[in-house]
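protein_31.txt follows; it contains compact mmCIF, C-alpha atoms.
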```txt
# COMPACT_ATOMS: atom_id res chain seq x y z
CA MET A 638 0.00 0.00 0.00
CA ALA A 639 1.43 3.32 -1.05
CA ARG A 640 2.30 5.68 1.75
CA ARG A 641 0.51 9.01 1.78
CA ALA A 642 2.85 11.88 1.12
CA ALA A 643 3.50 14.17 4.06
CA PRO A 644 1.89 17.63 3.78
CA LEU A 645 4.16 20.28 2.42
CA ALA A 646 5.45 22.76 4.99
CA ARG A 647 3.99 26.22 4.67
CA ARG A 648 6.26 28.41 2.71
CA ALA A 649 7.58 31.53 4.32
CA GLY A 650 6.17 34.66 2.82
CA ARG A 651 4.39 37.89 3.60
CA PRO A 652 2.54 37.77 6.93
CA THR A 653 -1.23 37.72 6.83
CA SER A 654 -3.14 40.84 7.82
CA ALA A 655 -4.07 39.14 11.10
CA ASP A 656 -0.42 38.35 11.81
CA ALA A 657 0.55 41.94 11.01
CA LEU A 658 -2.09 43.30 13.41
CA LEU A 659 -0.93 40.96 16.18
CA LEU A 660 2.67 42.02 15.67
CA LYS A 661 1.75 45.70 15.71
CA ASP A 662 -0.26 45.24 18.90
CA ARG A 663 2.68 43.43 20.50
CA ILE A 664 4.95 46.36 19.67
CA LEU A 665 2.42 48.86 21.02
CA ALA A 666 1.90 46.86 24.21
CA ALA A 667 5.65 46.78 24.81
CA ALA A 668 5.97 50.51 24.05
CA THR A 669 3.04 51.37 26.32
CA ASP A 670 4.59 49.51 29.24
CA LEU A 671 7.98 51.16 28.72
CA PHE A 672 6.71 54.70 28.11
CA LEU A 673 4.43 54.69 31.14
CA ALA A 674 7.00 53.06 33.43
CA ALA A 675 10.26 54.70 32.35
CA GLY A 676 9.11 57.86 30.56
CA TYR A 677 9.41 59.02 26.99
CA GLY A 678 13.01 60.28 27.12
CA SER A 679 14.33 57.12 28.77
CA THR A 680 12.59 54.72 26.38
CA SER A 681 14.63 53.79 23.32
CA ILE A 682 13.63 52.09 20.09
CA GLU A 683 16.12 49.33 20.99
CA ALA A 684 14.35 48.75 24.31
CA VAL A 685 10.93 48.58 22.65
CA ALA A 686 12.20 46.14 20.01
CA ALA A 687 13.82 43.93 22.66
CA ARG A 688 10.68 43.99 24.81
CA ALA A 689 8.52 43.04 21.81
CA GLY A 690 10.98 40.35 20.69
CA ILE A 691 11.63 41.84 17.25
CA SER A 692 14.51 43.33 15.31
CA LYS A 693 14.99 47.07 14.81
CA ARG A 694 14.40 46.52 11.10
CA THR A 695 11.00 44.98 11.86
CA PHE A 696 10.22 47.95 14.07
CA TYR A 697 11.15 50.50 11.41
CA ASP A 698 9.04 48.64 8.86
CA ARG A 699 6.05 49.78 10.93
CA PHE A 700 7.03 53.04 12.62
CA ASP A 701 9.25 55.79 11.25
CA ASN A 702 10.41 57.08 14.62
CA LYS A 703 9.69 57.27 18.34
CA ALA A 704 7.27 60.20 17.98
CA MET A 705 5.12 58.18 15.57
CA LEU A 706 5.24 55.24 17.98
CA PHE A 707 4.11 57.45 20.86
CA SER A 708 1.19 58.78 18.79
CA ALA A 709 0.10 55.20 18.15
CA VAL A 710 0.40 54.41 21.87
CA VAL A 711 -1.78 57.42 22.74
CA HIS A 712 -4.38 56.28 20.22
CA ARG A 713 -4.29 52.76 21.69
CA ILE A 714 -4.81 54.05 25.24
CA VAL A 715 -7.68 56.31 24.16
CA GLU A 716 -9.40 53.46 22.32
CA GLN A 717 -9.09 51.25 25.40
CA ILE A 718 -10.70 53.79 27.75
CA ARG A 719 -13.48 54.92 25.39
CA PRO A 720 -16.97 53.69 26.23
CA PRO A 721 -17.82 50.61 24.13
CA PRO A 722 -19.72 51.39 20.89
CA ASP A 723 -22.94 49.89 22.27
CA VAL A 724 -23.01 52.20 25.32
CA PRO A 725 -25.62 54.96 24.76
CA LEU A 726 -24.04 58.35 25.39
CA LEU A 727 -27.08 60.66 25.32
CA GLN A 728 -29.37 58.63 27.52
CA GLY A 729 -31.59 60.42 30.06
CA ALA A 730 -34.97 62.05 30.52
CA SER A 731 -33.58 65.57 30.91
CA LEU A 732 -30.51 67.58 29.99
CA ALA A 733 -29.27 67.30 33.57
CA GLU A 734 -29.54 63.50 33.48
CA ILE A 735 -27.79 63.29 30.10
CA LEU A 736 -24.94 65.53 31.26
CA ALA A 737 -24.59 63.58 34.51
CA ARG A 738 -24.30 60.38 32.49
CA LEU A 739 -21.70 61.96 30.20
CA ALA A 740 -19.81 63.26 33.24
CA GLY A 741 -19.66 59.74 34.66
CA LEU A 742 -18.30 58.33 31.39
CA ILE A 743 -15.74 61.15 31.12
CA LEU A 744 -14.56 60.54 34.68
CA ARG A 745 -14.29 56.80 34.12
CA ALA A 746 -12.01 57.43 31.15
CA ALA A 747 -9.96 60.24 32.72
CA LEU A 748 -9.35 58.29 35.94
CA ALA A 749 -8.37 55.01 34.26
CA PRO A 750 -4.85 54.00 35.42
CA SER A 751 -3.45 54.22 31.88
CA ALA A 752 -4.97 57.69 31.38
CA LEU A 753 -3.49 58.93 34.66
CA SER A 754 -0.08 57.49 33.78
CA LEU A 755 -0.20 59.15 30.36
CA HIS A 756 -1.19 62.47 31.97
CA ARG A 757 1.77 62.25 34.37
CA LEU A 758 4.13 61.43 31.51
CA VAL A 759 3.04 64.35 29.35
CA ASN A 760 3.13 66.80 32.27
CA ALA A 761 6.63 65.67 33.24
CA GLU A 762 8.25 65.66 29.80
CA ALA A 763 6.30 68.01 27.53
CA VAL A 764 8.81 70.85 27.95
CA ARG A 765 11.65 68.67 26.63
CA PHE A 766 9.50 66.85 24.10
CA PRO A 767 6.76 69.08 22.62
CA GLU A 768 5.74 66.21 20.35
CA LEU A 769 4.03 64.60 23.36
CA VAL A 770 1.41 67.34 23.56
CA LYS A 771 0.97 67.23 19.80
CA ALA A 772 0.37 63.48 19.92
CA VAL A 773 -2.30 63.79 22.62
CA ASP A 774 -3.98 66.75 20.97
CA SER A 775 -4.03 65.19 17.52
CA ASP A 776 -5.83 62.05 18.65
CA GLY A 777 -9.16 63.88 18.47
CA ALA A 778 -11.05 62.18 21.30
CA THR A 779 -11.41 65.40 23.29
CA ARG A 780 -12.57 67.30 20.21
CA GLU A 781 -15.21 64.64 19.62
CA ALA A 782 -16.47 65.01 23.19
CA ILE A 783 -16.52 68.82 22.87
CA ALA A 784 -18.51 68.62 19.63
CA LEU A 785 -20.98 66.13 21.13
CA ILE A 786 -21.61 68.22 24.25
CA GLY A 787 -21.80 71.45 22.24
CA GLU A 788 -24.44 70.03 19.91
CA LEU A 789 -26.38 68.67 22.88
CA LEU A 790 -26.43 72.09 24.57
CA ALA A 791 -27.53 73.84 21.38
CA ARG A 792 -30.37 71.34 20.95
CA GLU A 793 -31.57 71.34 24.56
CA LEU A 794 -31.10 75.07 25.25
CA PRO A 795 -32.54 76.70 22.11
CA GLY A 796 -33.33 79.90 23.97
CA ALA A 797 -29.63 80.46 24.64
CA ARG A 798 -28.97 80.70 20.86
CA LEU A 799 -25.52 79.25 21.20
CA ALA A 800 -23.21 79.93 18.28
CA GLY A 801 -20.38 77.55 17.35
CA ALA A 802 -17.70 79.30 19.40
CA GLN A 803 -20.01 79.50 22.43
CA ARG A 804 -20.85 75.82 22.17
CA ARG A 805 -17.17 74.89 22.14
CA PHE A 806 -16.40 77.19 25.07
CA LEU A 807 -19.21 75.79 27.21
CA ALA A 808 -18.36 72.19 26.34
CA GLU A 809 -14.69 72.75 27.18
CA GLN A 810 -15.61 74.33 30.52
CA PHE A 811 -17.92 71.43 31.32
CA ILE A 812 -15.15 68.89 30.72
CA PHE A 813 -12.67 70.92 32.78
CA MET A 814 -15.17 71.22 35.64
CA VAL A 815 -15.85 67.49 35.59
CA VAL A 816 -12.28 66.24 35.32
CA THR A 817 -9.82 68.64 36.95
CA LEU A 818 -10.31 68.13 40.70
CA PRO A 819 -10.99 64.36 40.64
CA GLN A 820 -7.96 63.89 38.39
CA ARG A 821 -5.70 65.96 40.67
CA ARG A 822 -6.83 63.99 43.70
CA ALA A 823 -6.28 60.69 41.87
CA MET A 824 -2.72 61.85 41.13
CA GLY A 825 -1.96 62.48 44.80
CA PHE A 826 -3.18 66.03 45.42
CA GLY A 827 -5.56 64.95 48.15
CA ALA A 828 -7.42 61.71 48.78
CA PRO A 829 -8.79 59.99 45.65
CA MET A 830 -12.57 60.15 45.32
CA GLY A 831 -14.57 56.97 45.80
CA ARG A 832 -17.39 55.89 43.48
CA SER A 833 -20.20 57.49 45.51
CA GLU A 834 -18.20 60.70 45.85
CA LEU A 835 -17.58 60.79 42.10
CA ASP A 836 -21.30 60.29 41.39
CA ALA A 837 -22.20 63.15 43.74
CA TRP A 838 -19.44 65.30 42.19
CA ALA A 839 -20.82 64.76 38.69
CA LYS A 840 -24.32 65.82 39.76
CA ARG A 841 -23.05 68.95 41.54
CA VAL A 842 -20.96 69.94 38.52
CA VAL A 843 -23.97 69.52 36.20
CA HIS A 844 -26.15 71.63 38.51
CA LEU A 845 -23.59 74.44 38.67
CA PHE A 846 -22.89 74.25 34.95
CA LEU A 847 -26.53 74.43 33.88
CA ASN A 848 -27.31 77.31 36.20
CA GLY A 849 -24.42 79.20 34.62
CA CYS A 850 -25.64 78.42 31.10
CA ARG A 851 -29.16 79.61 31.85
CA GLY A 852 -28.37 82.70 33.75
```
Please rewrite the model in this file as structure tokens.
Amino acid sequence: MARRAAPLARRAGRPTSADALLLKDRILAAATDLFLAAGYGSTSIEAVAARAGISKRTFYDRFDNKAMLFSAVVHRIVEQIRPPPDVPLLQGASLAEILARLAGLILRAALAPSALSLHRLVNAEAVRFPELVKAVDSDGATREAIALIGELLARELPGARLAGAQRRFLAEQFIFMVVTLPQRRAMGFGAPMGRSELDAWAKRVVHLFLNGCRG
């Protein structure tokens, strides 16, 4: 009886798109760990490549430089702390309820450990490396939130006749009011807020904010 031929070994060739995505995510995971632990200035391309288990040539096939890598890391962190796509953002029976819900989602993202670590990193090294601020600003997540809140205010407060610049200003102030103090306390400037304290904080901010908008 003839023996069945052994299957041919898979020939080496270009990686599949799935393999390429897995490799890119491995590089970004290694870079995220190093950036957030050691800082931007102290993290080298060689260290990222070694941590990811790849050659420098493989790294440079995917990223031109460290600034581009950092931008990709910022995008990865933002995508991880965003609310899932199926989470309704504008849910609530009144403007106050909708804003309180948005405030809770904003706080959850801003106080995530990776977000706090990124904030510390940028604050510590932005003077030496202006590209850090550019990378965070260019991601666009904050602009999306500002646009969403601005459109919500214009729709729910028609009597205020909010123009585009006013909408942006009010939305920016709302985000600053929601985030600034809880974030500072989470970073060591006072005791971190617990869940019930954060919920109460969000409601008080919404109350103050809406009274200012109306009056």
Protein and nucleic acid residues near (-23.2, 69.4, 24.1) (cut-off 10 Å, all atoms listed in the file) as a PDB file with C-alpha atoms, in the frame of the given file:
```
ATOM      1  CA  LEU A 727     -27.080  60.660  25.320  1.00  0.00           C
ATOM      2  CA  LEU A 732     -30.510  67.580  29.990  1.00  0.00           C
ATOM      3  CA  ILE A 735     -27.790  63.290  30.100  1.00  0.00           C
ATOM      4  CA  LEU A 736     -24.940  65.530  31.260  1.00  0.00           C
ATOM      5  CA  LEU A 739     -21.700  61.960  30.200  1.00  0.00           C
ATOM      6  CA  ALA A 782     -16.470  65.010  23.190  1.00  0.00           C
ATOM      7  CA  ILE A 783     -16.520  68.820  22.870  1.00  0.00           C
ATOM      8  CA  ALA A 784     -18.510  68.620  19.630  1.00  0.00           C
ATOM      9  CA  LEU A 785     -20.980  66.130  21.130  1.00  0.00           C
ATOM     10  CA  ILE A 786     -21.610  68.220  24.250  1.00  0.00           C
ATOM     11  CA  GLY A 787     -21.800  71.450  22.240  1.00  0.00           C
ATOM     12  CA  GLU A 788     -24.440  70.030  19.910  1.00  0.00           C
ATOM     13  CA  LEU A 789     -26.380  68.670  22.880  1.00  0.00           C
ATOM     14  CA  LEU A 790     -26.430  72.090  24.570  1.00  0.00           C
ATOM     15  CA  ALA A 791     -27.530  73.840  21.380  1.00  0.00           C
ATOM     16  CA  ARG A 792     -30.370  71.340  20.950  1.00  0.00           C
ATOM     17  CA  GLU A 793     -31.570  71.340  24.560  1.00  0.00           C
ATOM     18  CA  LEU A 794     -31.100  75.070  25.250  1.00  0.00           C
ATOM     19  CA  ARG A 804     -20.850  75.820  22.170  1.00  0.00           C
ATOM     20  CA  ARG A 805     -17.170  74.890  22.140  1.00  0.00           C
ATOM     21  CA  LEU A 807     -19.210  75.790  27.210  1.00  0.00           C
ATOM     22  CA  ALA A 808     -18.360  72.190  26.340  1.00  0.00           C
ATOM     23  CA  GLU A 809     -14.690  72.750  27.180  1.00  0.00           C
ATOM     24  CA  PHE A 811     -17.920  71.430  31.320  1.00  0.00           C
TER      25      PHE A 811
END
```
Q) Expressed in Å to a single decimal, how great is the separation between CA of Lys840 in chain A and CA of Pro819 in chain A? A) 13.4 Å
Excluding Ser751 in chain A and residues on its chain fewer than 4 positions from it, collect all residues at most 10 Å away from it, counting only C-alpha atoms, and give them as a CSV table (one decimal) with C-alpha atoms, in the frame of the given file.
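To be explicit, this is the file written out as selection-v7.csv:
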```csv
chain,number,residue,atom,x,y,z
A,669,THR,CA,3.0,51.4,26.3
A,670,ASP,CA,4.6,49.5,29.2
A,673,LEU,CA,4.4,54.7,31.1
A,711,VAL,CA,-1.8,57.4,22.7
A,714,ILE,CA,-4.8,54.0,25.2
A,715,VAL,CA,-7.7,56.3,24.2
A,717,GLN,CA,-9.1,51.2,25.4
A,718,ILE,CA,-10.7,53.8,27.8
A,746,ALA,CA,-12.0,57.4,31.2
A,747,ALA,CA,-10.0,60.2,32.7
A,755,LEU,CA,-0.2,59.2,30.4
A,756,HIS,CA,-1.2,62.5,32.0
A,757,ARG,CA,1.8,62.2,34.4
```
Q: Take CA of Ala657 in chain A and CA of Asp701 in chain A and report the distance between them in Å, one decimal.
A: 16.4 Å
**Q.** A:Ala730, A:Met705, A:Leu665, A:Leu742 ranked by distance to Val773 in chain A, top pick (using all atoms listed in the file)
**A.**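 That would be A:Met705, the residue with the smallest distance to Val773 in chain A.
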Q: Compute the distance from (14.0, 49.1, 16.3) to each atom, counting only C-alpha atoms, keep the residues with any atom at most 12 Å away, and return them as a list in words; use the coordinates of the file.
A: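 Taken together, the residues in range are Ile664, Ala668, Thr680, Ser681, Ile682, Glu683, Ala684, Val685, Ala686, Ala687, Arg688, Ala689, Gly690, Ile691, Ser692, Lys693, Arg694, Thr695, Phe696, Tyr697, Asp698, Arg699, Phe700, Asp701, Asn702, Lys703 and Leu706 of chain A.
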Output C-alpha atoms for every residue in that selection, as a PDB file, in the frame of the given file.
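Result file follows (result_26.pdb):
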```pdb
ATOM      1  CA  ILE A 664       4.950  46.360  19.670  1.00  0.00           C
ATOM      2  CA  ALA A 668       5.970  50.510  24.050  1.00  0.00           C
ATOM      3  CA  THR A 680      12.590  54.720  26.380  1.00  0.00           C
ATOM      4  CA  SER A 681      14.630  53.790  23.320  1.00  0.00           C
ATOM      5  CA  ILE A 682      13.630  52.090  20.090  1.00  0.00           C
ATOM      6  CA  GLU A 683      16.120  49.330  20.990  1.00  0.00           C
ATOM      7  CA  ALA A 684      14.350  48.750  24.310  1.00  0.00           C
ATOM      8  CA  VAL A 685      10.930  48.580  22.650  1.00  0.00           C
ATOM      9  CA  ALA A 686      12.200  46.140  20.010  1.00  0.00           C
ATOM     10  CA  ALA A 687      13.820  43.930  22.660  1.00  0.00           C
ATOM     11  CA  ARG A 688      10.680  43.990  24.810  1.00  0.00           C
ATOM     12  CA  ALA A 689       8.520  43.040  21.810  1.00  0.00           C
ATOM     13  CA  GLY A 690      10.980  40.350  20.690  1.00  0.00           C
ATOM     14  CA  ILE A 691      11.630  41.840  17.250  1.00  0.00           C
ATOM     15  CA  SER A 692      14.510  43.330  15.310  1.00  0.00           C
ATOM     16  CA  LYS A 693      14.990  47.070  14.810  1.00  0.00           C
ATOM     17  CA  ARG A 694      14.400  46.520  11.100  1.00  0.00           C
ATOM     18  CA  THR A 695      11.000  44.980  11.860  1.00  0.00           C
ATOM     19  CA  PHE A 696      10.220  47.950  14.070  1.00  0.00           C
ATOM     20  CA  TYR A 697      11.150  50.500  11.410  1.00  0.00           C
ATOM     21  CA  ASP A 698       9.040  48.640   8.860  1.00  0.00           C
ATOM     22  CA  ARG A 699       6.050  49.780  10.930  1.00  0.00           C
ATOM     23  CA  PHE A 700       7.030  53.040  12.620  1.00  0.00           C
ATOM     24  CA  ASP A 701       9.250  55.790  11.250  1.00  0.00           C
ATOM     25  CA  ASN A 702      10.410  57.080  14.620  1.00  0.00           C
ATOM     26  CA  LYS A 703       9.690  57.270  18.340  1.00  0.00           C
ATOM     27  CA  LEU A 706       5.240  55.240  17.980  1.00  0.00           C
TER      28      LEU A 706
END
```
Q: Enter the distance from CA of Ile743 in chain A to CA of Ala704 in chain A, in Å, rounded to one decimal.
A: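 One can read the CA of Ile743 in chain A to CA of Ala704 in chain A distance as 26.5 Å.
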Q | A:Leu769, A:Phe707, A:Arg780, A:Glu734 ranked by distance to His844 in chain A, top pick (using only C-alpha atoms) | A | A:Glu734
**Q.** A:Ala797, A:Ala674, A:Ala772, A:Val764 ranked by distance to Val710 in chain A, top pick (using only C-alpha atoms)
**A.**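 Smallest distance to Val710 in chain A is found for A:Ala772.
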Q | Contact residues around Asp836 in chain A with only C-alpha atoms at 10 Å, ignoring same-chain residues under 4 positions, as a PyMOL selection string | A | chain A and resi 737-738+740-741+744+830-832+840-841
